[in-house]
>>> print(open('entry23.pdb').read())   # PDB, C-alpha atoms
ATOM      1  CA  MET A 284      13.557   2.609   8.296
ATOM      2  CA  LYS A 285      11.848  -0.188  10.214
ATOM      3  CA  LYS A 286      13.718   0.270  13.500
ATOM      4  CA  LEU A 287      12.785   3.969  13.526
ATOM      5  CA  LEU A 288       9.078   3.142  13.525
ATOM      6  CA  LEU A 289       6.925   2.710  16.617
ATOM      7  CA  PRO A 290       4.951  -0.557  16.627
ATOM      8  CA  THR A 291       2.001   1.394  18.088
ATOM      9  CA  LYS A 292       1.602   3.651  15.049
ATOM     10  CA  THR A 293       0.646   3.151  11.407
ATOM     11  CA  TYR A 294       3.008   4.814   8.950
ATOM     12  CA  ARG A 295       2.241   5.587   5.336
ATOM     13  CA  LEU A 296       3.625   7.636   2.500
ATOM     14  CA  ASN A 297       1.125  10.194   1.266
ATOM     15  CA  GLY A 298       1.433  12.951  -1.292
ATOM     16  CA  ARG A 299       0.043  15.164  -3.995
ATOM     17  CA  LEU A 300       0.781  15.196  -7.686
ATOM     18  CA  TRP A 301      -0.034  17.812 -10.291
ATOM     19  CA  LEU A 302       0.779  18.745 -13.862
ATOM     20  CA  GLU A 303       2.193  22.228 -14.316
ATOM     21  CA  THR A 304       3.618  24.560 -16.956
ATOM     22  CA  GLU A 305       5.665  27.746 -16.641
ATOM     23  CA  ASP A 306       2.259  29.453 -16.104
ATOM     24  CA  GLY A 307       1.616  27.448 -12.922
ATOM     25  CA  ARG A 308      -0.698  24.556 -12.205
ATOM     26  CA  PHE A 309      -2.515  22.961 -15.139
ATOM     27  CA  LEU A 310      -4.141  19.805 -13.706
ATOM     28  CA  GLY A 311      -4.324  18.353 -10.201
ATOM     29  CA  ILE A 312      -6.691  16.506  -7.897
ATOM     30  CA  GLY A 313      -8.852  19.579  -7.196
ATOM     31  CA  ARG A 314      -9.107  20.531 -10.868
ATOM     32  CA  LEU A 315      -9.937  16.934 -11.755
ATOM     33  CA  GLU A 316     -12.725  16.967  -9.177
ATOM     34  CA  LEU A 317     -14.027  20.246 -10.611
ATOM     35  CA  LEU A 318     -14.098  18.747 -14.130
ATOM     36  CA  GLN A 319     -15.975  15.714 -12.789
ATOM     37  CA  HIS A 320     -18.593  17.959 -11.186
ATOM     38  CA  ILE A 321     -18.967  20.100 -14.320
ATOM     39  CA  ALA A 322     -19.387  16.921 -16.412
ATOM     40  CA  GLU A 323     -22.102  15.697 -14.012
ATOM     41  CA  LEU A 324     -23.921  18.973 -13.416
ATOM     42  CA  GLY A 325     -23.429  20.745 -16.760
ATOM     43  CA  SER A 326     -22.678  24.042 -15.039
ATOM     44  CA  ILE A 327     -19.651  25.749 -13.538
ATOM     45  CA  SER A 328     -21.734  27.472 -10.856
ATOM     46  CA  LYS A 329     -23.420  24.213  -9.790
ATOM     47  CA  ALA A 330     -20.035  22.467  -9.758
ATOM     48  CA  ALA A 331     -18.588  25.273  -7.620
ATOM     49  CA  GLN A 332     -21.540  25.037  -5.231
ATOM     50  CA  ALA A 333     -21.168  21.254  -4.942
ATOM     51  CA  MET A 334     -17.512  21.726  -3.991
ATOM     52  CA  GLY A 335     -18.095  24.621  -1.582
ATOM     53  CA  MET A 336     -16.009  26.822  -3.858
ATOM     54  CA  SER A 337     -16.788  30.355  -5.048
ATOM     55  CA  TYR A 338     -18.000  30.759  -8.634
ATOM     56  CA  LYS A 339     -15.059  33.082  -9.279
ATOM     57  CA  ARG A 340     -12.577  30.484  -8.062
ATOM     58  CA  ALA A 341     -14.146  27.753 -10.222
ATOM     59  CA  TRP A 342     -14.194  30.065 -13.233
ATOM     60  CA  ASP A 343     -10.528  30.978 -12.681
ATOM     61  CA  LEU A 344      -9.580  27.286 -12.500
ATOM     62  CA  VAL A 345     -11.490  26.503 -15.714
ATOM     63  CA  SER A 346      -9.924  29.503 -17.405
ATOM     64  CA  SER A 347      -6.443  28.411 -16.267
ATOM     65  CA  MET A 348      -6.997  24.868 -17.598
ATOM     66  CA  ASN A 349      -8.425  26.058 -20.908
ATOM     67  CA  SER A 350      -5.605  28.507 -21.530
ATOM     68  CA  GLN A 351      -2.952  25.841 -20.927
ATOM     69  CA  ALA A 352      -4.500  23.195 -23.208
ATOM     70  CA  ALA A 353      -4.289  22.881 -26.995
ATOM     71  CA  THR A 354      -8.097  22.504 -27.012
ATOM     72  CA  PRO A 355     -10.365  23.894 -24.242
ATOM     73  CA  LEU A 356     -11.214  21.278 -21.606
ATOM     74  CA  VAL A 357     -14.499  23.019 -20.776
ATOM     75  CA  SER A 358     -16.796  24.730 -23.255
ATOM     76  CA  THR A 359     -19.199  27.361 -21.919
ATOM     77  CA  GLN A 360     -22.371  28.860 -23.305
ATOM     78  CA  THR A 361     -23.123  32.467 -22.406
ATOM     79  CA  GLY A 362     -26.482  33.661 -21.061
ATOM     80  CA  GLY A 363     -28.318  34.055 -17.748
ATOM     81  CA  ALA A 364     -26.906  34.835 -14.334
ATOM     82  CA  HIS A 365     -23.527  33.166 -13.870
ATOM     83  CA  GLY A 366     -23.570  32.228 -17.550
ATOM     84  CA  GLY A 367     -25.312  29.341 -19.257
ATOM     85  CA  GLY A 368     -24.336  25.683 -19.225
ATOM     86  CA  ALA A 369     -20.845  24.259 -19.360
ATOM     87  CA  VAL A 370     -19.698  21.070 -21.041
ATOM     88  CA  VAL A 371     -16.530  19.061 -20.527
ATOM     89  CA  THR A 372     -15.185  18.573 -24.040
ATOM     90  CA  ALA A 373     -13.726  15.370 -25.512
ATOM     91  CA  ALA A 374     -10.296  16.862 -24.792
ATOM     92  CA  GLY A 375     -11.429  17.480 -21.202
ATOM     93  CA  HIS A 376     -12.563  13.886 -20.815
ATOM     94  CA  GLU A 377      -9.260  12.679 -22.227
ATOM     95  CA  ALA A 378      -7.328  14.909 -19.811
ATOM     96  CA  MET A 379      -9.393  13.539 -16.907
ATOM     97  CA  GLU A 380      -8.739   9.966 -17.976
ATOM     98  CA  GLU A 381      -5.007  10.529 -18.404
ATOM     99  CA  PHE A 382      -4.644  12.322 -15.092
ATOM    100  CA  ARG A 383      -6.594   9.577 -13.313
ATOM    101  CA  ALA A 384      -4.181   7.033 -14.800
ATOM    102  CA  VAL A 385      -1.134   9.005 -13.595
ATOM    103  CA  GLN A 386      -2.779   9.384 -10.191
ATOM    104  CA  ALA A 387      -3.422   5.610 -10.018
ATOM    105  CA  ARG A 388       0.267   4.924 -10.731
ATOM    106  CA  PHE A 389       1.190   7.463  -8.049
ATOM    107  CA  GLN A 390      -1.066   5.660  -5.539
ATOM    108  CA  GLU A 391       0.668   2.417  -6.495
ATOM    109  CA  PHE A 392       4.077   4.086  -6.024
ATOM    110  CA  MET A 393       3.066   5.250  -2.522
ATOM    111  CA  ARG A 394       1.707   1.807  -1.609
ATOM    112  CA  THR A 395       4.970   0.193  -2.691
ATOM    113  CA  GLU A 396       7.066   2.747  -0.808
ATOM    114  CA  THR A 397       4.905   2.314   2.285
ATOM    115  CA  SER A 398       5.471  -1.446   2.238
ATOM    116  CA  LEU A 399       9.239  -0.871   1.799
ATOM    117  CA  LEU A 400       9.260   1.183   5.035
ATOM    118  CA  HIS A 401       8.621  -1.975   6.973
ATOM    119  CA  GLY A 402      11.204  -4.023   5.061
TER
ATOM    120  CA  MET B1109      -2.082  13.336 -23.492
ATOM    121  CA  LYS B1110       0.221  14.664 -26.203
ATOM    122  CA  LYS B1111      -2.466  16.209 -28.408
ATOM    123  CA  LEU B1112      -3.820  18.141 -25.406
ATOM    124  CA  LEU B1113      -0.495  19.895 -24.908
ATOM    125  CA  LEU B1114       0.486  23.216 -26.456
ATOM    126  CA  PRO B1115       3.825  23.097 -28.273
ATOM    127  CA  THR B1116       4.584  26.549 -26.848
ATOM    128  CA  LYS B1117       4.538  25.389 -23.211
ATOM    129  CA  THR B1118       6.668  23.050 -21.096
ATOM    130  CA  TYR B1119       4.645  20.543 -19.091
ATOM    131  CA  ARG B1120       5.900  18.590 -16.097
ATOM    132  CA  LEU B1121       4.543  16.486 -13.293
ATOM    133  CA  ASN B1122       5.405  17.937  -9.925
ATOM    134  CA  GLY B1123       4.393  16.905  -6.436
ATOM    135  CA  ARG B1124       5.043  16.533  -2.745
ATOM    136  CA  LEU B1125       5.567  13.408  -0.717
ATOM    137  CA  TRP B1126       5.508  12.924   3.035
ATOM    138  CA  LEU B1127       5.424  10.179   5.637
ATOM    139  CA  GLU B1128       2.510  10.358   8.052
ATOM    140  CA  THR B1129       0.900   8.483  10.928
ATOM    141  CA  GLU B1130      -2.545   8.765  12.484
ATOM    142  CA  ASP B1131      -1.059  11.702  14.447
ATOM    143  CA  GLY B1132      -0.367  13.657  11.235
ATOM    144  CA  ARG B1133       2.824  14.392   9.368
ATOM    145  CA  PHE B1134       5.996  12.657  10.511
ATOM    146  CA  LEU B1135       8.586  13.441   7.805
ATOM    147  CA  GLY B1136       8.494  15.584   4.671
ATOM    148  CA  ILE B1137      10.666  17.914   2.630
ATOM    149  CA  GLY B1138      10.404  20.799   5.131
ATOM    150  CA  ARG B1139      11.167  18.590   8.125
ATOM    151  CA  LEU B1140      14.096  17.037   6.259
ATOM    152  CA  GLU B1141      15.448  20.519   5.560
ATOM    153  CA  LEU B1142      15.049  21.410   9.233
ATOM    154  CA  LEU B1143      16.991  18.298  10.275
ATOM    155  CA  GLN B1144      19.742  19.200   7.794
ATOM    156  CA  HIS B1145      20.026  22.686   9.279
ATOM    157  CA  ILE B1146      20.051  21.375  12.851
ATOM    158  CA  ALA B1147      22.782  18.882  11.898
ATOM    159  CA  GLU B1148      24.855  21.700  10.359
ATOM    160  CA  LEU B1149      24.226  24.386  12.979
ATOM    161  CA  GLY B1150      23.879  22.313  16.150
ATOM    162  CA  SER B1151      20.934  24.389  17.323
ATOM    163  CA  ILE B1152      17.178  24.457  16.759
ATOM    164  CA  SER B1153      17.026  28.241  17.051
ATOM    165  CA  LYS B1154      19.841  28.766  14.516
ATOM    166  CA  ALA B1155      18.196  26.244  12.188
ATOM    167  CA  ALA B1156      14.862  28.069  12.536
ATOM    168  CA  GLN B1157      16.559  31.381  11.818
ATOM    169  CA  ALA B1158      18.309  29.972   8.730
ATOM    170  CA  MET B1159      14.935  28.820   7.403
ATOM    171  CA  GLY B1160      13.044  32.011   8.257
ATOM    172  CA  MET B1161      10.877  29.981  10.628
ATOM    173  CA  SER B1162       9.859  30.879  14.186
ATOM    174  CA  TYR B1163      11.626  29.057  17.016
ATOM    175  CA  LYS B1164       8.254  27.797  18.238
ATOM    176  CA  ARG B1165       7.433  26.331  14.828
ATOM    177  CA  ALA B1166      10.819  24.593  14.591
ATOM    178  CA  TRP B1167      10.454  23.246  18.112
ATOM    179  CA  ASP B1168       6.951  21.946  17.357
ATOM    180  CA  LEU B1169       8.237  20.177  14.242
ATOM    181  CA  VAL B1170      11.114  18.577  16.179
ATOM    182  CA  SER B1171       8.730  17.572  18.944
ATOM    183  CA  SER B1172       6.321  16.058  16.405
ATOM    184  CA  MET B1173       9.122  14.056  14.747
ATOM    185  CA  ASN B1174      10.561  12.852  18.059
ATOM    186  CA  SER B1175       7.181  11.730  19.397
ATOM    187  CA  GLN B1176       6.446   9.693  16.263
ATOM    188  CA  ALA B1177       9.815   7.888  16.156
ATOM    189  CA  ALA B1178      10.962   4.853  18.123
ATOM    190  CA  THR B1179      14.122   6.824  19.007
ATOM    191  CA  PRO B1180      14.257  10.656  19.042
ATOM    192  CA  LEU B1181      15.599  12.102  15.761
ATOM    193  CA  VAL B1182      16.907  15.203  17.559
ATOM    194  CA  SER B1183      18.453  15.282  21.004
ATOM    195  CA  THR B1184      18.443  18.589  22.883
ATOM    196  CA  GLN B1185      20.454  19.909  25.776
ATOM    197  CA  THR B1186      18.731  22.324  28.109
ATOM    198  CA  GLY B1187      20.271  25.641  29.268
ATOM    199  CA  GLY B1188      20.442  29.286  28.196
ATOM    200  CA  ALA B1189      17.910  31.327  26.267
ATOM    201  CA  HIS B1190      16.135  29.187  23.673
ATOM    202  CA  GLY B1191      17.786  26.104  25.166
ATOM    203  CA  GLY B1192      21.266  24.712  24.608
ATOM    204  CA  GLY B1193      22.535  22.828  21.594
ATOM    205  CA  ALA B1194      20.688  20.252  19.556
ATOM    206  CA  VAL B1195      22.089  17.176  17.836
ATOM    207  CA  VAL B1196      20.623  15.030  15.090
ATOM    208  CA  THR B1197      20.909  11.494  16.465
ATOM    209  CA  ALA B1198      22.015   8.401  14.540
ATOM    210  CA  ALA B1199      18.316   7.577  14.156
ATOM    211  CA  GLY B1200      17.761  11.090  12.793
ATOM    212  CA  HIS B1201      20.540  10.662  10.242
ATOM    213  CA  GLU B1202      19.100   7.322   9.206
ATOM    214  CA  ALA B1203      15.631   8.860   8.825
ATOM    215  CA  MET B1204      17.114  11.652   6.678
ATOM    216  CA  GLU B1205      18.933   9.155   4.481
ATOM    217  CA  GLU B1206      15.862   6.976   4.041
ATOM    218  CA  PHE B1207      13.586   9.886   3.266
ATOM    219  CA  ARG B1208      16.105  11.262   0.739
ATOM    220  CA  ALA B1209      16.114   7.860  -0.961
ATOM    221  CA  VAL B1210      12.290   7.780  -1.158
ATOM    222  CA  GLN B1211      12.331  11.359  -2.432
ATOM    223  CA  ALA B1212      14.873  10.432  -5.129
ATOM    224  CA  ARG B1213      12.628   7.576  -6.312
ATOM    225  CA  PHE B1214       9.690  10.003  -6.333
ATOM    226  CA  GLN B1215      11.683  12.437  -8.505
ATOM    227  CA  GLU B1216      12.449   9.538 -10.847
ATOM    228  CA  PHE B1217       8.737   8.610 -10.925
ATOM    229  CA  MET B1218       7.826  12.194 -11.867
ATOM    230  CA  ARG B1219      10.524  12.336 -14.556
ATOM    231  CA  THR B1220       9.225   9.108 -16.078
ATOM    232  CA  GLU B1221       5.613  10.284 -15.965
ATOM    233  CA  THR B1222       6.592  13.620 -17.491
ATOM    234  CA  SER B1223       8.274  11.854 -20.410
ATOM    235  CA  LEU B1224       5.179   9.637 -20.862
ATOM    236  CA  LEU B1225       3.034  12.782 -21.293
ATOM    237  CA  HIS B1226       4.698  13.396 -24.625
ATOM    238  CA  GLY B1227       4.426   9.776 -25.761
TER
END
>>> encode(input="entry23.pdb", output="structure tokens")
Amino acid sequence: MKKLLLPTKTYRLNGRLWLETEDGRFLGIGRLELLQHIAELGSISKAAQAMGMSYKRAWDLVSSMNSQAATPLVSTQTGGAHGGGAVVTAAGHEAMEEFRAVQARFQEFMRTETSLLHG
Amino acid sequence: MKKLLLPTKTYRLNGRLWLETEDGRFLGIGRLELLQHIAELGSISKAAQAMGMSYKRAWDLVSSMNSQAATPLVSTQTGGAHGGGAVVTAAGHEAMEEFRAVQARFQEFMRTETSLLHG
């Protein structure tokens, strides 16, 4: 590839990775970020707000994740406007950890491939 | 991850990979497909048509690829409505081959990661 590359530009492999089922997306970077915000803020609506996402969109993402997991990743308490608090379950934390590990290996893959471009 | 997965569903890692510079995308699956069609059909407008893409869009993609490569990936002849013929250059064929190879390693990475999910 090297001779195809301009010395004046910086080339890198970039990409996106997600886990899916026949029902569609299950876990990806955006969903991981949503889980992180819910874990920090204890609320789906606050997490949505922090990400500039509608409450409906955040709720749909949580619902999609929960319905595709053996154990819900987020547990919600009813009550109040936009529901009560929300907690990332142990299963949710495990899913986050596992996806972060896959994502780290993907980053490593892209770094390696980027260095091969110049070989 | 295994205990988070429902036995009733099929889980797999999926993703997209592309090569970019500070100017944006340089090569990806869609651009590779466009190059393949241009190589087969000898024309940007026929390639665009085959992909259900506007001529302008196809031209912009070709222009973006050519301007980010040391040697143009597509060579065009002027003349007639929507220009004359277009040829994928030797550099273009090399870029296609290299990107296909990276893509194949990415598919292998995703297959491996998918099998690890169940470990």
>>> closest_atom_pairs(input="entry23.pdb", of="region 1155-1192 of chain B", to="region 1131-1139 of chain B", cutoff="7 Å", atoms="all atoms listed in the file", output="tab-separated table")
residue	atom	partner	partner_atom	distance
B:Leu1169	CA	B:Arg1139	CA	7.0
B:Ser1172	CA	B:Phe1134	CA	6.8
B:Met1173	CA	B:Phe1134	CA	5.4
B:Gln1176	CA	B:Phe1134	CA	6.5
>>> closest_atom_pairs(input="entry23.pdb", of="chain B", to="chain A", cutoff="6 Å", atoms="only C-alpha atoms", output="CSV")
residue,atom,partner,partner_atom,distance
B:Leu1112,CA,A:Ala353,CA,5.0
B:Leu1113,CA,A:Ala353,CA,5.3
B:Leu1114,CA,A:Ala353,CA,4.8
B:Thr1118,CA,A:Thr304,CA,5.4
B:Tyr1119,CA,A:Thr304,CA,4.7
B:Arg1120,CA,A:Glu303,CA,5.5
B:Leu1121,CA,A:Leu302,CA,4.4
B:Asn1122,CA,A:Trp301,CA,5.5
B:Gly1123,CA,A:Leu300,CA,4.2
B:Arg1124,CA,A:Gly298,CA,5.3
B:Leu1125,CA,A:Gly298,CA,4.2
B:Trp1126,CA,A:Asn297,CA,5.5
B:Leu1127,CA,A:Leu296,CA,4.4
B:Glu1128,CA,A:Arg295,CA,5.5
B:Thr1129,CA,A:Tyr294,CA,4.7
B:Ala1177,CA,A:Leu288,CA,5.5
B:Ala1178,CA,A:Leu289,CA,4.8
>>> residues_around(input="entry23.pdb", residues="Met1159 (chain B)", least_positions_apart="3", cutoff="12 Å", atoms="only C-alpha atoms", output="VMD selection string")
chain B and resid 1138 to 1146 1149 1152 to 1156 1162 to 1163 1165 to 1166
>>> write_last_selection(input="entry23.pdb", atoms="C-alpha atoms", output="compact mmCIF listing (two decimals), in the coordinates of the input")
# COMPACT_ATOMS: atom_id res chain seq x y z
CA GLY B 1138 10.40 20.80 5.13
CA ARG B 1139 11.17 18.59 8.12
CA LEU B 1140 14.10 17.04 6.26
CA GLU B 1141 15.45 20.52 5.56
CA LEU B 1142 15.05 21.41 9.23
CA LEU B 1143 16.99 18.30 10.28
CA GLN B 1144 19.74 19.20 7.79
CA HIS B 1145 20.03 22.69 9.28
CA ILE B 1146 20.05 21.38 12.85
CA LEU B 1149 24.23 24.39 12.98
CA ILE B 1152 17.18 24.46 16.76
CA SER B 1153 17.03 28.24 17.05
CA LYS B 1154 19.84 28.77 14.52
CA ALA B 1155 18.20 26.24 12.19
CA ALA B 1156 14.86 28.07 12.54
CA SER B 1162 9.86 30.88 14.19
CA TYR B 1163 11.63 29.06 17.02
CA ARG B 1165 7.43 26.33 14.83
CA ALA B 1166 10.82 24.59 14.59
>>> atom_distance(input="entry23.pdb", atom1="CA of Gln1211 (chain B)", atom2="CA of Glu391 (chain A)")
15.2 Å
>>> decode(input="entry23.pdb", residues="region 306-323 of chain A", atoms="C-alpha atoms", output="tab-separated table (two decimals), in the first residue's frame")
chain	number	residue	atom	x	y	z
A	306	ASP	CA	-33.16	-8.73	16.36
A	307	GLY	CA	-30.57	-6.09	15.42
A	308	ARG	CA	-27.95	-4.32	17.47
A	309	PHE	CA	-27.37	-5.51	21.03
A	310	LEU	CA	-24.22	-3.67	22.20
A	311	GLY	CA	-22.02	-1.02	20.58
A	312	ILE	CA	-20.03	2.08	21.44
A	313	GLY	CA	-23.13	4.29	21.84
A	314	ARG	CA	-24.95	1.76	24.01
A	315	LEU	CA	-21.82	1.29	26.11
A	316	GLU	CA	-21.63	5.05	26.62
A	317	LEU	CA	-25.30	5.11	27.62
A	318	LEU	CA	-24.70	2.35	30.21
A	319	GLN	CA	-21.74	4.30	31.58
A	320	HIS	CA	-23.88	7.41	31.99
A	321	ILE	CA	-26.73	5.47	33.62
A	322	ALA	CA	-24.23	3.86	36.03
A	323	GLU	CA	-22.87	7.32	36.93
